[in-house]
2 protein chains.
Amino acid sequence: MKILVTGGAGFLGQQLIRAMLGHASLDVGGKPMRIDRIVCFDQAVGAITDPRVTNVVGDIADAATVARLVDRDTALVAHLAAVVSGTAEADFDLGMRVNLDGTRALLERCRALGQQPLVLFSSSIAVFGGSLPPVVTDATTPTPQGSYGTQKLIGELLVQDYTRKGFIDGRSLRVPTAVVRPGRPNGAASGFASNIIRDPLAGLPTVLPVDPATEMWVASPRAIVAMFLHAIALPGADWGWHRSLNLPGLTASMAEELAALREAAGERVAALVSHQPDADIMRLVKTWAARFDAARARALGFTADRDFPSIVRAYIDDNPAAIKLG
Amino acid sequence: MKILVTGGAGFLGQQLIRAMLGHASLDVGGKPMRIDRIVCFDQAVGAITDPRVTNVVGDIADAATVARLVDRDTALVAHLAAVVSGTAEADFDLGMRVNLDGTRALLERCRALGQQPLVLFSSSIAVFGGSLPPVVTDATTPTPQGSYGTQKLIGELLVQDYTRKGFIDGRSLRVPTAVVRPGRPNGAASGFASNIIRDPLAGLPTVLPVDPATEMWVASPRAIVAMFLHAIALPGADWGWHRSLNLPGLTASMAEELAALREAAGERVAALVSHQPDADIMRLVKTWAARFDAARARALGFTADRDFPSIVRAYIDDNPAAIKLG
């Protein structure tokens, strides 16, 4: 089979492709399938060099481009391509084009081929926000407070309806904030939760713009990729009608993050984080959901990280080149 | 001010325009405004002849057409144009084009002018369905079971985000099934709830395709139009952040409808309804919500019909030409 990973050159996409390449065959909707080719689609070329991986560079919102990405051999589409939260808020048109039009173009192409491919849609806990209960459950109504969350929720609704109509076998995962995110900061408003671990470990000073008591719902890239593969592996019957799922994660306060950094790398590294409150970011973060009871996902066998120190250790293990101190 | 009514030639659109024409000025977002012109936009010309009404025929999904409909004088847009449930399910592309692309084209045009017009979006209780609690409340998560409900819910999300961004002052109403719907049956799967009143009163035999115990959440066109005007009149501050609202209505069983028909028009008229169960329609209707606690709407001053006999009387009063018997 052929696999398409959109946003494949991003950190999650690359980690997902690497994990897939570790298997000769992959469970897709309950059936083991041989991996013949993985198309890594993004705005830039991915770093993975493997004979089974083809890099394609282009615009996800362009229907002609998308048509070339998906063919009758494409049994699995992992749709990770997105404009992140801060960028989607700053550039409304770009967010609509990539996050909404791009998702729709991809779903339309899958539908047109009539092969009902499995489509994994990377949604986000940003579909929740505002006046929320103390713990978000599977019954909590999504009320996105930003354009990114709105566009992701619309994507979920399309995946749901395309699945109901039999056009695809869709699964949407509301992914916790990925921490520690490797590489350079991006436009995600939640970036500081990663910055305060990653940057000090690289020997760089960084800023915590919120109260250290601020909590977030997080998962390591490693745990997220494992949950992606689990979501792909499950038979459609296990999913049933409802194809959107709140993923397990951890509630981590920034103080807990800093304590884990101190434990892993020492006081000198932790001292590279300075606290400079930013009223705008604090106001935004207060609207995010930090505590979930992901009962349905747990019942389906999804699991996240054990604790925050293990998230820091996973980052150090997975990114040796990015560790200068510690 | 100028008012645009999309779907203006439909029965609700015509009744809304007539109600507007009954006022020299209209409360729009808490401010009285003089009605200079009403643009009635639809696929066909509306029946109302009034110097203040301009009929425009065209395609709501065509951006150039929509651009001509809305200008800097347009302070109010009532967006009623839609492909109905049965049609949207039978023709997926048509539903997406009219219900999703059309709504988006209209919102984009409103945004482009930078005047923040008030946009009333006619959504539907079809956003609810499937495994529902016995009574749908304001906290119940929409889980549309068809493409129509999905497209309406996406429209609500866009109205919400465009409002949050300050592009429009949007209000989405989840309208109960309109009963008694005048005219000929359309593609709405819920049409029988109107047919069994309207057709016998016109002297025509008609079919009840579901169990008489089947309940639906209904409101008269008269009550719906009054709620539209109330939704338009309320100041934005009264709406607050959340711009989608479950409207009040009545839970009516088909047996209650037939009893009200018998009471209003006699046994001979009621005998024109024959019971021919249709398994497909019954399966579909079972997924619909029939009982709501519309607490938020009631607190905002929305009210619906008193009882089903008054709905029948309102239909007879409003449609004298359609009454042949009774």
# chains A, B, ... in the order shown; residues from 1 in each chain; ligands from 1

call {"tool": "interface_residues", "arguments": {"of": "chain A", "to": "chain B", "cutoff": "12 Å", "atoms": "only C-alpha atoms", "output": "PyMOL selection string"}}
result
chain A and resi 88-93+96+100-101+104+108+111-112+127+129-133+137-165+167+241-244

call {"tool": "write_last_selection", "arguments": {"atoms": "N, CA and C atoms", "output": "short mmCIF file (atom, residue, chain, number, x, y, z; two decimals), in the first residue's frame"}}
result
data_model
loop_
_atom_site.label_atom_id
_atom_site.label_comp_id
_atom_site.auth_asym_id
_atom_site.auth_seq_id
_atom_site.Cartn_x
_atom_site.Cartn_y
_atom_site.Cartn_z
N ALA A 88 -2.85 31.13 12.34
CA ALA A 88 -4.24 31.13 11.84
C ALA A 88 -5.02 32.31 12.40
N GLU A 89 -4.64 32.75 13.60
CA GLU A 89 -5.32 33.90 14.20
C GLU A 89 -4.83 35.20 13.56
N ALA A 90 -3.54 35.26 13.25
CA ALA A 90 -2.96 36.48 12.67
C ALA A 90 -3.31 36.63 11.20
N ASP A 91 -3.41 35.50 10.49
CA ASP A 91 -3.70 35.53 9.05
C ASP A 91 -4.91 34.64 8.79
N PHE A 92 -6.09 35.24 8.93
CA PHE A 92 -7.35 34.49 8.83
C PHE A 92 -7.46 33.76 7.50
N ASP A 93 -7.12 34.44 6.42
CA ASP A 93 -7.28 33.84 5.08
C ASP A 93 -6.37 32.63 4.90
N MET A 96 -7.86 29.69 6.82
CA MET A 96 -9.02 29.13 6.14
C MET A 96 -8.58 28.31 4.92
N LEU A 100 -8.95 24.70 6.26
CA LEU A 100 -10.30 24.29 5.80
C LEU A 100 -10.27 23.83 4.35
N ASP A 101 -9.83 24.70 3.43
CA ASP A 101 -9.83 24.31 2.02
C ASP A 101 -8.90 23.13 1.76
N ARG A 104 -10.53 19.96 2.92
CA ARG A 104 -11.63 19.61 2.02
C ARG A 104 -11.12 19.07 0.68
N GLU A 108 -12.05 15.43 -0.67
CA GLU A 108 -12.70 15.31 -1.97
C GLU A 108 -11.94 14.35 -2.88
N ARG A 111 -12.57 10.86 -1.76
CA ARG A 111 -13.93 10.48 -2.16
C ARG A 111 -13.98 10.13 -3.65
N ALA A 112 -13.31 10.95 -4.47
CA ALA A 112 -13.40 10.79 -5.92
C ALA A 112 -12.88 9.42 -6.37
N VAL A 127 -10.12 22.82 19.93
CA VAL A 127 -11.57 22.88 19.66
C VAL A 127 -12.33 23.21 20.94
N GLY A 129 -12.52 25.51 24.59
CA GLY A 129 -12.02 26.77 25.13
C GLY A 129 -13.14 27.57 25.74
N GLY A 130 -12.78 28.66 26.38
CA GLY A 130 -13.78 29.54 26.97
C GLY A 130 -14.27 29.04 28.31
N SER A 131 -15.58 29.15 28.54
CA SER A 131 -16.16 28.74 29.82
C SER A 131 -16.33 27.22 29.82
N LEU A 132 -15.36 26.54 30.35
CA LEU A 132 -15.35 25.08 30.32
C LEU A 132 -15.58 24.52 31.72
N PRO A 133 -16.07 23.27 31.80
CA PRO A 133 -16.13 22.62 33.11
C PRO A 133 -14.70 22.38 33.62
N THR A 137 -14.81 16.41 29.39
CA THR A 137 -15.10 14.99 29.17
C THR A 137 -15.47 14.77 27.70
N ASP A 138 -15.77 13.52 27.39
CA ASP A 138 -16.18 13.20 26.02
C ASP A 138 -17.51 13.84 25.66
N ALA A 139 -18.27 14.29 26.70
CA ALA A 139 -19.58 14.90 26.44
C ALA A 139 -19.50 16.43 26.34
N THR A 140 -18.33 17.00 26.61
CA THR A 140 -18.22 18.46 26.57
C THR A 140 -18.32 18.96 25.14
N THR A 141 -19.15 19.98 24.94
CA THR A 141 -19.33 20.55 23.60
C THR A 141 -18.11 21.39 23.22
N PRO A 142 -17.53 21.12 22.06
CA PRO A 142 -16.44 21.98 21.59
C PRO A 142 -16.92 23.42 21.38
N THR A 143 -16.17 24.37 21.90
CA THR A 143 -16.47 25.79 21.73
C THR A 143 -15.15 26.50 21.44
N PRO A 144 -14.65 26.35 20.22
CA PRO A 144 -13.33 26.92 19.92
C PRO A 144 -13.31 28.44 20.09
N GLN A 145 -12.22 28.94 20.63
CA GLN A 145 -12.09 30.38 20.90
C GLN A 145 -11.18 31.07 19.89
N GLY A 146 -10.75 30.33 18.90
CA GLY A 146 -9.87 30.93 17.89
C GLY A 146 -10.16 30.31 16.53
N SER A 147 -9.60 30.92 15.50
CA SER A 147 -9.86 30.44 14.14
C SER A 147 -9.25 29.06 13.90
N TYR A 148 -8.10 28.81 14.51
CA TYR A 148 -7.46 27.50 14.36
C TYR A 148 -8.38 26.39 14.88
N GLY A 149 -8.88 26.55 16.11
CA GLY A 149 -9.78 25.55 16.68
C GLY A 149 -11.07 25.42 15.89
N THR A 150 -11.57 26.54 15.39
CA THR A 150 -12.78 26.52 14.55
C THR A 150 -12.53 25.70 13.29
N GLN A 151 -11.41 25.96 12.64
CA GLN A 151 -11.09 25.26 11.39
C GLN A 151 -10.86 23.77 11.65
N LYS A 152 -10.23 23.43 12.75
CA LYS A 152 -10.02 22.02 13.08
C LYS A 152 -11.37 21.33 13.34
N LEU A 153 -12.26 22.01 14.05
CA LEU A 153 -13.57 21.42 14.33
C LEU A 153 -14.38 21.22 13.05
N ILE A 154 -14.28 22.17 12.14
CA ILE A 154 -14.95 22.00 10.84
C ILE A 154 -14.36 20.81 10.11
N GLY A 155 -13.04 20.67 10.18
CA GLY A 155 -12.38 19.50 9.57
C GLY A 155 -12.93 18.20 10.16
N GLU A 156 -13.09 18.16 11.48
CA GLU A 156 -13.66 16.97 12.13
C GLU A 156 -15.06 16.66 11.60
N LEU A 157 -15.87 17.72 11.46
CA LEU A 157 -17.25 17.52 10.99
C LEU A 157 -17.26 16.97 9.57
N LEU A 158 -16.32 17.45 8.75
CA LEU A 158 -16.23 16.91 7.39
C LEU A 158 -15.77 15.46 7.41
N VAL A 159 -14.77 15.14 8.22
CA VAL A 159 -14.29 13.76 8.33
C VAL A 159 -15.43 12.86 8.80
N GLN A 160 -16.21 13.36 9.75
CA GLN A 160 -17.35 12.60 10.27
C GLN A 160 -18.37 12.32 9.16
N ASP A 161 -18.71 13.36 8.40
CA ASP A 161 -19.76 13.19 7.39
C ASP A 161 -19.26 12.36 6.20
N TYR A 162 -17.99 12.57 5.82
CA TYR A 162 -17.42 11.76 4.73
C TYR A 162 -17.36 10.28 5.15
N THR A 163 -17.14 10.04 6.43
CA THR A 163 -17.12 8.66 6.92
C THR A 163 -18.52 8.08 6.91
N ARG A 164 -19.48 8.85 7.43
CA ARG A 164 -20.88 8.40 7.46
C ARG A 164 -21.38 8.07 6.05
N LYS A 165 -20.96 8.88 5.07
CA LYS A 165 -21.40 8.66 3.70
C LYS A 165 -20.65 7.50 3.03
N PHE A 167 -17.47 7.62 2.14
CA PHE A 167 -16.44 8.14 1.22
C PHE A 167 -15.03 7.80 1.72
N TRP A 241 -19.81 5.02 15.33
CA TRP A 241 -20.28 6.19 14.58
C TRP A 241 -19.38 7.40 14.77
N HIS A 242 -19.06 7.71 16.03
CA HIS A 242 -18.42 8.99 16.32
C HIS A 242 -16.92 8.91 16.09
N ARG A 243 -16.41 9.75 15.19
CA ARG A 243 -15.03 9.62 14.75
C ARG A 243 -14.09 10.69 15.30
N SER A 244 -14.55 11.50 16.26
CA SER A 244 -13.66 12.47 16.90
C SER A 244 -13.37 12.01 18.32
#

call {"tool": "residues_around", "arguments": {"residues": "Ala295 in chain A", "least_positions_apart": "2", "cutoff": "9 Å", "atoms": "only C-alpha atoms", "output": "MDAnalysis selection string"}}
result
chainID A and resid 137:138 246 248 292:293 297:300

call {"tool": "select_by_dssp", "arguments": {"residues": "range 52-174 of chain B", "states": "alpha helix (DSSP H)", "output": "compact mmCIF listing (two decimals) with N, CA and C atoms, in the first residue's frame"}}
result
# COMPACT_ATOMS: atom_id res chain seq x y z
N ALA B 63 -19.53 33.92 -5.91
CA ALA B 63 -19.01 35.06 -5.15
C ALA B 63 -19.35 36.39 -5.83
N ALA B 64 -19.32 36.42 -7.17
CA ALA B 64 -19.61 37.67 -7.88
C ALA B 64 -21.07 38.07 -7.68
N THR B 65 -21.96 37.10 -7.70
CA THR B 65 -23.38 37.37 -7.44
C THR B 65 -23.56 37.91 -6.04
N VAL B 66 -22.93 37.25 -5.08
CA VAL B 66 -23.08 37.64 -3.68
C VAL B 66 -22.52 39.05 -3.46
N ALA B 67 -21.43 39.36 -4.17
CA ALA B 67 -20.83 40.69 -4.02
C ALA B 67 -21.82 41.79 -4.40
N ARG B 68 -22.66 41.51 -5.41
CA ARG B 68 -23.63 42.52 -5.84
C ARG B 68 -24.80 42.66 -4.87
N LEU B 69 -24.98 41.65 -4.02
CA LEU B 69 -26.13 41.66 -3.10
C LEU B 69 -25.90 42.52 -1.86
N SER B 85 -32.89 19.10 3.80
CA SER B 85 -32.25 17.89 4.31
C SER B 85 -32.24 16.73 3.31
N GLY B 86 -33.39 16.39 2.78
CA GLY B 86 -33.45 15.24 1.88
C GLY B 86 -32.60 15.46 0.63
N THR B 87 -32.65 16.69 0.10
CA THR B 87 -31.89 17.01 -1.10
C THR B 87 -30.38 17.02 -0.82
N ALA B 88 -29.99 17.58 0.32
CA ALA B 88 -28.56 17.63 0.67
C ALA B 88 -28.01 16.22 0.87
N GLU B 89 -28.86 15.31 1.31
CA GLU B 89 -28.42 13.93 1.50
C GLU B 89 -28.33 13.21 0.16
N ALA B 90 -29.27 13.51 -0.73
CA ALA B 90 -29.30 12.83 -2.04
C ALA B 90 -28.22 13.40 -2.97
N PHE B 92 -24.90 15.29 -2.47
CA PHE B 92 -23.90 15.79 -1.52
C PHE B 92 -23.22 17.06 -2.04
N ASP B 93 -22.87 17.07 -3.32
CA ASP B 93 -22.15 18.22 -3.88
C ASP B 93 -23.01 19.48 -3.87
N LEU B 94 -24.29 19.32 -4.19
CA LEU B 94 -25.19 20.48 -4.19
C LEU B 94 -25.31 21.05 -2.77
N GLY B 95 -25.47 20.17 -1.81
CA GLY B 95 -25.57 20.62 -0.41
C GLY B 95 -24.32 21.36 0.03
N THR B 103 -22.84 29.98 2.18
CA THR B 103 -22.74 30.69 3.46
C THR B 103 -21.39 31.38 3.57
N ARG B 104 -20.35 30.69 3.14
CA ARG B 104 -19.01 31.27 3.24
C ARG B 104 -18.85 32.47 2.31
N ALA B 105 -19.39 32.36 1.10
CA ALA B 105 -19.30 33.48 0.16
C ALA B 105 -19.99 34.72 0.73
N LEU B 106 -21.13 34.50 1.35
CA LEU B 106 -21.89 35.60 1.94
C LEU B 106 -21.12 36.23 3.11
N LEU B 107 -20.58 35.39 3.98
CA LEU B 107 -19.82 35.91 5.13
C LEU B 107 -18.57 36.66 4.66
N GLU B 108 -17.92 36.13 3.63
CA GLU B 108 -16.72 36.78 3.11
C GLU B 108 -17.04 38.17 2.57
N ARG B 109 -18.17 38.26 1.88
CA ARG B 109 -18.57 39.56 1.34
C ARG B 109 -18.86 40.55 2.48
N CYS B 110 -19.56 40.08 3.49
CA CYS B 110 -19.84 40.94 4.65
C CYS B 110 -18.54 41.40 5.30
N ARG B 111 -17.58 40.50 5.41
CA ARG B 111 -16.29 40.83 6.00
C ARG B 111 -15.55 41.86 5.16
N ALA B 112 -15.58 41.65 3.84
CA ALA B 112 -14.79 42.50 2.94
C ALA B 112 -15.21 43.97 3.04
N LEU B 113 -16.50 44.22 3.33
CA LEU B 113 -16.98 45.60 3.38
C LEU B 113 -16.58 46.31 4.67
N SER B 147 -25.88 15.19 6.07
CA SER B 147 -25.04 16.24 5.48
C SER B 147 -25.65 17.62 5.69
N TYR B 148 -26.97 17.71 5.67
CA TYR B 148 -27.63 19.00 5.90
C TYR B 148 -27.27 19.55 7.28
N GLY B 149 -27.44 18.73 8.32
CA GLY B 149 -27.12 19.16 9.68
C GLY B 149 -25.64 19.49 9.83
N THR B 150 -24.79 18.70 9.17
CA THR B 150 -23.35 18.96 9.21
C THR B 150 -23.04 20.32 8.59
N GLN B 151 -23.64 20.58 7.44
CA GLN B 151 -23.37 21.85 6.75
C GLN B 151 -23.92 23.03 7.55
N LYS B 152 -25.07 22.86 8.17
CA LYS B 152 -25.62 23.93 9.01
C LYS B 152 -24.70 24.19 10.21
N LEU B 153 -24.20 23.13 10.82
CA LEU B 153 -23.33 23.29 11.99
C LEU B 153 -22.02 23.98 11.59
N ILE B 154 -21.49 23.65 10.42
CA ILE B 154 -20.29 24.33 9.94
C ILE B 154 -20.60 25.81 9.71
N GLY B 155 -21.78 26.10 9.16
CA GLY B 155 -22.20 27.49 8.99
C GLY B 155 -22.22 28.23 10.33
N GLU B 156 -22.77 27.58 11.36
CA GLU B 156 -22.79 28.19 12.69
C GLU B 156 -21.37 28.50 13.19
N LEU B 157 -20.46 27.55 12.97
CA LEU B 157 -19.08 27.76 13.43
C LEU B 157 -18.44 28.94 12.72
N LEU B 158 -18.75 29.07 11.42
CA LEU B 158 -18.21 30.22 10.68
C LEU B 158 -18.83 31.52 11.20
N VAL B 159 -20.15 31.53 11.40
CA VAL B 159 -20.82 32.73 11.93
C VAL B 159 -20.21 33.10 13.29
N GLN B 160 -19.97 32.08 14.11
CA GLN B 160 -19.36 32.31 15.43
C GLN B 160 -17.98 32.94 15.29
N ASP B 161 -17.14 32.38 14.42
CA ASP B 161 -15.77 32.88 14.33
C ASP B 161 -15.72 34.24 13.64
N TYR B 162 -16.56 34.45 12.64
CA TYR B 162 -16.61 35.77 11.99
C TYR B 162 -17.09 36.83 12.98
N THR B 163 -17.98 36.43 13.90
CA THR B 163 -18.44 37.37 14.92
C THR B 163 -17.32 37.68 15.91
N ARG B 164 -16.65 36.62 16.37
CA ARG B 164 -15.55 36.78 17.33
C ARG B 164 -14.46 37.69 16.75

call {"tool": "closest_residue", "arguments": {"among": "B:Met33, B:Leu21, B:Leu250, B:Ala78", "to": "Gly7 in chain B", "atoms": "only C-alpha atoms"}}
result
B:Ala78

call {"tool": "residues_around", "arguments": {"residues": "Gly13 in chain A", "least_positions_apart": "2", "cutoff": "10 Å", "atoms": "only C-alpha atoms", "output": "list in words"}}
result
Val5, Thr6, Gly7, Gly8, Ala9, Gly10, Phe11, Gln15, Leu16, Ile17, Arg18, Ala19, Cys40, Phe41, Asp42, Gly46, Ala78, His79, Leu80, Ala81, Pro221 and Val225 of chain A

call {"tool": "write_last_selection", "arguments": {"atoms": "C-alpha atoms", "output": "CSV table (one decimal), in the first residue's frame"}}
result
chain,number,residue,atom,x,y,z
A,5,VAL,CA,1.5,11.9,5.2
A,6,THR,CA,0.5,15.6,4.8
A,7,GLY,CA,2.6,18.0,6.9
A,8,GLY,CA,5.1,15.1,6.6
A,9,ALA,CA,8.2,17.3,6.9
A,10,GLY,CA,7.0,18.8,10.3
A,11,PHE,CA,8.4,17.3,13.5
A,15,GLN,CA,8.5,11.2,13.7
A,16,LEU,CA,5.4,9.4,12.4
A,17,ILE,CA,7.1,8.4,9.1
A,18,ARG,CA,10.1,7.1,11.1
A,19,ALA,CA,7.9,5.0,13.2
A,40,CYS,CA,5.9,12.9,2.5
A,41,PHE,CA,4.0,16.0,1.5
A,42,ASP,CA,4.8,19.4,2.8
A,46,GLY,CA,11.6,16.2,4.8
A,78,ALA,CA,-2.4,10.9,7.7
A,79,HIS,CA,-3.5,14.5,7.4
A,80,LEU,CA,-1.2,16.6,9.7
A,81,ALA,CA,-0.7,19.7,7.5
A,221,PRO,CA,5.7,13.7,20.4
A,225,VAL,CA,2.9,9.2,17.3

call {"tool": "residues_around", "arguments": {"residues": "Ala75 in chain A", "least_positions_apart": "4", "cutoff": "7 Å", "atoms": "only C-alpha atoms", "output": "MDAnalysis selection string"}}
result
chainID A and resid 1:3 117:118

call {"tool": "atom_distance", "arguments": {"atom1": "CA of Pro200 in chain A", "atom2": "CA of Arg184 in chain A"}}
result
12.7 Å

call {"tool": "select_by_dssp", "arguments": {"residues": "range 24-110 of chain B", "states": "strand (DSSP E)", "output": "list in words"}}
result
Ser25, Leu26, Asp27, Val28, Lys31, Pro32, Met33, Arg34, Arg37, Ile38, Val39, Cys40, Phe41, Asp42, Val53, Thr54, Asn55, Val56, Val57, Thr74, Ala75, Leu76, Val77, Ala78 and His79 of chain B
